[in-house]
Protein chains: 2
Amino acid sequence: MIKKFEKILSKKGFAHLATIMADGTPQSTPVWFDVKDELIQVNTAIDRLKDRNMRTRSDVALSIQDPDNPYSYVAIRGKVEERTTEGADDHIDTLAKKYLGMETYPYRTSEETRVIYRIKPIRVSGIE
Amino acid sequence: MIKKFEKILSKKGFAHLATIMADGTPQSTPVWFDVKDELIQVNTAIDRLKDRNMRTRSDVALSIQDPDNPYSYVAIRGKVEERTTEGADDHIDTLAKKYLGMETYPYRTSEETRVIYRIKPIRVSGIE
């Protein structure tokens, strides 16, 4: 379903991730992402606002612009299919490599535990 | 409240606007915006998905990156304070001027009626 937007999704644009607060209102922030097995993967730390929201409500939306052409974008509505700490430390390194060209994530702190969210696209639209 | 992020807000980054669907799930798309009287103004056409969502639920979120530094961003949670067609045609021209450097909006169609949403920021966070 996201195949059509492969070009945008292969680039280094950020995903603007919308989650739902406890009171039903939306929240949005830019995040790093990658794609694996047709799922959008994002990585956050346990107990951050996004983590608390997605733990409670699995419905999310993402919009991603082509960094080379802001009029090209993909808008995804989907559901968190998996939340796991397994592999999350390696995954944030993979994202640091993608976005920063660094071998390891430079902002790691001993206090935080990283967590991966795997998001299954349900509705996909946009402009290639 | 958004004064702190004046620099980002004065630039040509897009706002990723999250609205709530009828079923309570989020939706996100990149949109043009400007700021007037401390309100974030976006402009859409009547009966588009965003318009239908915001008409029903005034809770929205926006995240905007600095186009010159993606690690600088502002995240806004707010409420639609006003929805009006008055001045909306002029406003889309103002946005075309800001984003495209054109005097008039080039994608106008006779079928669509433009509408302005004025969004009052309630919670503002981010990295300057």
# chains A, B, ... in the order shown; residues from 1 in each chain; ligands from 1

call {"tool": "interface_residues", "arguments": {"of": "chain B", "to": "chain A", "cutoff": "6 Å", "atoms": "only C-alpha atoms", "output": "list in words"}}
result
Thr25, Pro26, Gln27, Ser28, Thr29, Asp59, Val60, Ala61, Leu62, Ser63 and Ala75 of chain B

call {"tool": "residues_around", "arguments": {"residues": "A:Glu6", "least_positions_apart": "4", "cutoff": "10 Å", "atoms": "only C-alpha atoms", "output": "list in words"}}
result
Met1, Ile2, Ser10, Lys11, Val35, Val74 and Glu128 of chain A

call {"tool": "write_last_selection", "arguments": {"atoms": "C-alpha atoms", "output": "JSON list (two decimals), in the first residue's frame"}}
result
[["chain", "number", "residue", "atom", "x", "y", "z"],
["A", 1, "MET", "CA", 0.00, 0.00, 0.00],
["A", 2, "ILE", "CA", 2.91, 2.35, 0.74],
["A", 10, "SER", "CA", 13.41, 6.18, 1.24],
["A", 11, "LYS", "CA", 14.55, 9.74, 1.91],
["A", 35, "VAL", "CA", 10.16, 1.20, 6.88],
["A", 74, "VAL", "CA", 2.47, 10.92, 1.88],
["A", 128, "GLU", "CA", 4.05, 11.23, -5.37]]

call {"tool": "atom_distance", "arguments": {"atom1": "atom CA of A:Glu38", "atom2": "atom CA of A:Ile116"}}
result
14.9 Å

call {"tool": "select_by_dssp", "arguments": {"residues": "chain A", "states": "alpha helix (DSSP H)", "output": "list in words"}}
result
Glu6, Lys7, Ile8, Leu9, Leu49, Lys50, Asp51, Arg52, Asn53, Met54, Arg55, Thr56, Ala88, Asp89, Asp90, His91, Ile92, Asp93, Thr94, Leu95, Ala96, Lys97, Lys98, Tyr99 and Leu100 of chain A

call {"tool": "write_last_selection", "arguments": {"atoms": "C-alpha atoms", "output": "mmCIF file, in the first residue's frame"}}
result
data_model
loop_
_atom_site.group_PDB
_atom_site.id
_atom_site.type_symbol
_atom_site.label_atom_id
_atom_site.label_comp_id
_atom_site.auth_asym_id
_atom_site.auth_seq_id
_atom_site.Cartn_x
_atom_site.Cartn_y
_atom_site.Cartn_z
ATOM 1 C CA GLU A 6 8.663 4.381 -1.916
ATOM 2 C CA LYS A 7 10.668 7.343 -3.182
ATOM 3 C CA ILE A 8 9.530 9.710 -0.400
ATOM 4 C CA LEU A 9 9.818 6.975 2.221
ATOM 5 C CA LEU A 49 4.159 11.734 25.801
ATOM 6 C CA LYS A 50 4.075 9.885 22.469
ATOM 7 C CA ASP A 51 4.766 6.574 24.196
ATOM 8 C CA ARG A 52 2.037 7.134 26.786
ATOM 9 C CA ASN A 53 -0.435 8.130 24.065
ATOM 10 C CA MET A 54 0.306 5.196 21.748
ATOM 11 C CA ARG A 55 0.279 2.735 24.646
ATOM 12 C CA THR A 56 -3.280 3.820 25.410
ATOM 13 C CA ALA A 88 15.108 -0.742 20.044
ATOM 14 C CA ASP A 89 18.677 0.237 20.969
ATOM 15 C CA ASP A 90 19.994 -1.090 17.682
ATOM 16 C CA HIS A 91 17.127 0.547 15.835
ATOM 17 C CA ILE A 92 17.881 4.021 17.174
ATOM 18 C CA ASP A 93 21.463 3.507 15.951
ATOM 19 C CA THR A 94 20.106 2.582 12.515
ATOM 20 C CA LEU A 95 18.057 5.789 12.512
ATOM 21 C CA ALA A 96 21.084 7.839 13.640
ATOM 22 C CA LYS A 97 22.952 6.341 10.697
ATOM 23 C CA LYS A 98 20.121 7.281 8.309
ATOM 24 C CA TYR A 99 19.577 10.818 9.584
ATOM 25 C CA LEU A 100 22.937 11.846 11.015
#

call {"tool": "closest_residue", "arguments": {"among": "B:Ile127, B:Thr113, B:Arg108, B:Thr85", "to": "B:Asn69", "atoms": "only C-alpha atoms"}}
result
B:Ile127

call {"tool": "atom_distance", "arguments": {"atom1": "atom CA of B:Gln41", "atom2": "atom CA of B:Pro121"}}
result
10.9 Å

call {"tool": "select_by_dssp", "arguments": {"residues": "stretch 4-120 of chain A", "states": "strand (DSSP E)", "output": "number ranges by chain"}}
result
A: 15-20, 26-31, 34-36, 39-45, 59-66, 69-84, 114-120

call {"tool": "write_last_selection", "arguments": {"atoms": "C-alpha atoms", "output": "PDB file, in the first residue's frame"}}
result
ATOM      1  CA  ALA A  15       7.503  11.875   9.825  1.00  0.00           C
ATOM      2  CA  HIS A  16       5.088  14.150  11.638  1.00  0.00           C
ATOM      3  CA  LEU A  17       3.465  11.696  13.996  1.00  0.00           C
ATOM      4  CA  ALA A  18      -0.002  12.459  15.348  1.00  0.00           C
ATOM      5  CA  THR A  19      -1.153  10.586  18.431  1.00  0.00           C
ATOM      6  CA  ILE A  20      -4.247  10.927  20.614  1.00  0.00           C
ATOM      7  CA  PRO A  26      -4.462  15.281  18.939  1.00  0.00           C
ATOM      8  CA  GLN A  27      -0.736  15.825  19.444  1.00  0.00           C
ATOM      9  CA  SER A  28       1.889  16.057  16.694  1.00  0.00           C
ATOM     10  CA  THR A  29       5.701  16.022  16.611  1.00  0.00           C
ATOM     11  CA  PRO A  30       8.382  15.360  13.990  1.00  0.00           C
ATOM     12  CA  VAL A  31      10.157  12.018  14.391  1.00  0.00           C
ATOM     13  CA  ASP A  34      12.139   3.881   8.673  1.00  0.00           C
ATOM     14  CA  VAL A  35      10.164   1.203   6.884  1.00  0.00           C
ATOM     15  CA  LYS A  36      10.410  -2.553   7.434  1.00  0.00           C
ATOM     16  CA  LEU A  39       5.364  -1.149   8.490  1.00  0.00           C
ATOM     17  CA  ILE A  40       6.473   2.342   9.496  1.00  0.00           C
ATOM     18  CA  GLN A  41       8.856   2.136  12.431  1.00  0.00           C
ATOM     19  CA  VAL A  42       9.384   4.964  14.896  1.00  0.00           C
ATOM     20  CA  ASN A  43      11.528   4.940  18.017  1.00  0.00           C
ATOM     21  CA  THR A  44      10.895   6.822  21.226  1.00  0.00           C
ATOM     22  CA  ALA A  45      11.736   6.482  24.919  1.00  0.00           C
ATOM     23  CA  ASP A  59      -4.561   4.948  16.325  1.00  0.00           C
ATOM     24  CA  VAL A  60      -1.953   7.221  14.777  1.00  0.00           C
ATOM     25  CA  ALA A  61      -1.386   9.323  11.678  1.00  0.00           C
ATOM     26  CA  LEU A  62       1.838  10.279   9.929  1.00  0.00           C
ATOM     27  CA  SER A  63       2.559  12.828   7.235  1.00  0.00           C
ATOM     28  CA  ILE A  64       5.913  12.915   5.490  1.00  0.00           C
ATOM     29  CA  GLN A  65       7.122  15.425   2.916  1.00  0.00           C
ATOM     30  CA  ASP A  66       9.761  14.763   0.270  1.00  0.00           C
ATOM     31  CA  ASN A  69      10.001  18.826  -2.924  1.00  0.00           C
ATOM     32  CA  PRO A  70       7.590  19.815  -0.147  1.00  0.00           C
ATOM     33  CA  TYR A  71       4.598  19.472  -2.504  1.00  0.00           C
ATOM     34  CA  SER A  72       5.239  15.762  -2.684  1.00  0.00           C
ATOM     35  CA  TYR A  73       4.094  14.001   0.464  1.00  0.00           C
ATOM     36  CA  VAL A  74       2.475  10.917   1.883  1.00  0.00           C
ATOM     37  CA  ALA A  75      -0.269  10.903   4.527  1.00  0.00           C
ATOM     38  CA  ILE A  76      -0.779   7.666   6.414  1.00  0.00           C
ATOM     39  CA  ARG A  77      -3.495   6.687   8.865  1.00  0.00           C
ATOM     40  CA  GLY A  78      -2.733   3.528  10.729  1.00  0.00           C
ATOM     41  CA  LYS A  79      -2.515   1.478  13.871  1.00  0.00           C
ATOM     42  CA  VAL A  80       0.336   0.506  16.125  1.00  0.00           C
ATOM     43  CA  GLU A  81       0.728  -3.200  15.509  1.00  0.00           C
ATOM     44  CA  GLU A  82       3.653  -3.789  17.840  1.00  0.00           C
ATOM     45  CA  ARG A  83       5.430  -1.974  20.676  1.00  0.00           C
ATOM     46  CA  THR A  84       8.690  -3.516  21.798  1.00  0.00           C
ATOM     47  CA  ARG A 114      14.155   3.015  23.931  1.00  0.00           C
ATOM     48  CA  VAL A 115      11.041   1.475  22.416  1.00  0.00           C
ATOM     49  CA  ILE A 116      10.089   0.733  18.805  1.00  0.00           C
ATOM     50  CA  TYR A 117       6.597   1.243  17.481  1.00  0.00           C
ATOM     51  CA  ARG A 118       5.624  -0.628  14.325  1.00  0.00           C
ATOM     52  CA  ILE A 119       2.737   1.060  12.564  1.00  0.00           C
ATOM     53  CA  LYS A 120       0.533  -0.677  10.025  1.00  0.00           C
TER      54      LYS A 120
END

call {"tool": "atom_distance", "arguments": {"atom1": "atom CA of A:Glu103", "atom2": "atom CA of A:Asp47"}}
result
25.7 Å

call {"tool": "decode", "arguments": {"residues": "stretch 74-114 of chain A", "atoms": "N, CA and C atoms", "output": "CSV table (one decimal), in the first residue's frame"}}
result
chain,number,residue,atom,x,y,z
A,74,VAL,N,3.4,12.1,1.6
A,74,VAL,CA,2.5,10.9,1.9
A,74,VAL,C,1.8,11.1,3.2
A,75,ALA,N,0.5,10.8,3.3
A,75,ALA,CA,-0.3,10.9,4.5
A,75,ALA,C,-0.8,9.5,4.8
A,76,ILE,N,-0.5,9.0,6.0
A,76,ILE,CA,-0.8,7.7,6.4
A,76,ILE,C,-1.6,7.7,7.7
A,77,ARG,N,-2.7,6.9,7.6
A,77,ARG,CA,-3.5,6.7,8.9
A,77,ARG,C,-3.3,5.2,9.2
A,78,GLY,N,-3.0,4.9,10.4
A,78,GLY,CA,-2.7,3.5,10.7
A,78,GLY,C,-2.9,3.2,12.2
A,79,LYS,N,-2.4,2.0,12.5
A,79,LYS,CA,-2.5,1.5,13.9
A,79,LYS,C,-1.2,0.9,14.3
A,80,VAL,N,-0.9,1.1,15.6
A,80,VAL,CA,0.3,0.5,16.1
A,80,VAL,C,0.1,-1.0,16.2
A,81,GLU,N,0.9,-1.8,15.5
A,81,GLU,CA,0.7,-3.2,15.5
A,81,GLU,C,1.6,-3.9,16.6
A,82,GLU,N,2.7,-3.2,16.9
A,82,GLU,CA,3.7,-3.8,17.8
A,82,GLU,C,4.4,-2.7,18.6
A,83,ARG,N,4.6,-2.9,19.9
A,83,ARG,CA,5.4,-2.0,20.7
A,83,ARG,C,6.4,-2.9,21.4
A,84,THR,N,7.7,-2.6,21.2
A,84,THR,CA,8.7,-3.5,21.8
A,84,THR,C,10.0,-2.8,22.1
A,85,THR,N,10.6,-3.2,23.2
A,85,THR,CA,11.9,-2.6,23.6
A,85,THR,C,13.0,-3.5,22.9
A,86,GLU,N,12.6,-4.7,22.5
A,86,GLU,CA,13.6,-5.6,21.8
A,86,GLU,C,14.1,-5.0,20.5
A,87,GLY,N,15.4,-4.9,20.5
A,87,GLY,CA,16.0,-4.4,19.2
A,87,GLY,C,16.0,-2.8,19.1
A,88,ALA,N,15.4,-2.2,20.1
A,88,ALA,CA,15.1,-0.7,20.0
A,88,ALA,C,16.4,0.1,20.1
A,89,ASP,N,17.4,-0.4,20.9
A,89,ASP,CA,18.7,0.2,21.0
A,89,ASP,C,19.4,0.2,19.6
A,90,ASP,N,19.4,-1.0,19.0
A,90,ASP,CA,20.0,-1.1,17.7
A,90,ASP,C,19.2,-0.2,16.7
A,91,HIS,N,17.9,-0.2,16.8
A,91,HIS,CA,17.1,0.5,15.8
A,91,HIS,C,17.4,2.0,15.9
A,92,ILE,N,17.6,2.6,17.1
A,92,ILE,CA,17.9,4.0,17.2
A,92,ILE,C,19.3,4.3,16.6
A,93,ASP,N,20.2,3.3,16.7
A,93,ASP,CA,21.5,3.5,16.0
A,93,ASP,C,21.3,3.5,14.4
A,94,THR,N,20.4,2.6,14.0
A,94,THR,CA,20.1,2.6,12.5
A,94,THR,C,19.5,3.9,12.0
A,95,LEU,N,18.6,4.5,12.9
A,95,LEU,CA,18.1,5.8,12.5
A,95,LEU,C,19.1,6.9,12.6
A,96,ALA,N,20.0,6.8,13.5
A,96,ALA,CA,21.1,7.8,13.6
A,96,ALA,C,22.0,7.8,12.4
A,97,LYS,N,22.2,6.5,11.9
A,97,LYS,CA,23.0,6.3,10.7
A,97,LYS,C,22.2,7.0,9.5
A,98,LYS,N,20.9,6.7,9.4
A,98,LYS,CA,20.1,7.3,8.3
A,98,LYS,C,20.1,8.8,8.3
A,99,TYR,N,19.8,9.4,9.5
A,99,TYR,CA,19.6,10.8,9.6
A,99,TYR,C,20.8,11.6,9.9
A,100,LEU,N,21.8,11.1,10.6
A,100,LEU,CA,22.9,11.8,11.0
A,100,LEU,C,24.2,11.3,10.4
A,101,GLY,N,24.2,10.2,9.8
A,101,GLY,CA,25.4,9.6,9.2
A,101,GLY,C,26.3,9.1,10.3
A,102,MET,N,25.8,8.8,11.5
A,102,MET,CA,26.6,8.4,12.6
A,102,MET,C,26.4,6.9,12.9
A,103,GLU,N,27.5,6.3,13.4
A,103,GLU,CA,27.4,4.9,13.7
A,103,GLU,C,26.5,4.5,14.9
A,104,THR,N,26.5,5.5,15.9
A,104,THR,CA,25.7,5.2,17.0
A,104,THR,C,24.9,6.5,17.4
A,105,TYR,N,23.8,6.3,18.0
A,105,TYR,CA,22.9,7.4,18.4
A,105,TYR,C,23.6,8.3,19.4
A,106,PRO,N,23.8,9.5,19.2
A,106,PRO,CA,24.7,10.3,20.1
A,106,PRO,C,24.0,10.9,21.3
A,107,TYR,N,22.7,10.8,21.4
A,107,TYR,CA,22.0,11.4,22.5
A,107,TYR,C,21.5,10.4,23.5
A,108,ARG,N,22.0,9.2,23.5
A,108,ARG,CA,21.6,8.1,24.4
A,108,ARG,C,21.9,8.6,25.9
A,109,THR,N,20.9,8.3,26.7
A,109,THR,CA,21.1,8.5,28.2
A,109,THR,C,20.9,7.2,28.9
A,110,SER,N,21.5,7.1,30.1
A,110,SER,CA,21.3,5.9,30.8
A,110,SER,C,19.9,5.8,31.5
A,111,GLU,N,19.3,6.9,31.6
A,111,GLU,CA,17.9,6.9,32.2
A,111,GLU,C,16.8,6.4,31.3
A,112,GLU,N,17.0,6.5,30.0
A,112,GLU,CA,15.9,6.2,29.1
A,112,GLU,C,16.0,4.8,28.5
A,113,THR,N,14.8,4.2,28.3
A,113,THR,CA,14.7,2.9,27.7
A,113,THR,C,14.0,3.2,26.3
A,114,ARG,N,14.7,2.8,25.3
A,114,ARG,CA,14.2,3.0,23.9
A,114,ARG,C,13.1,2.0,23.6
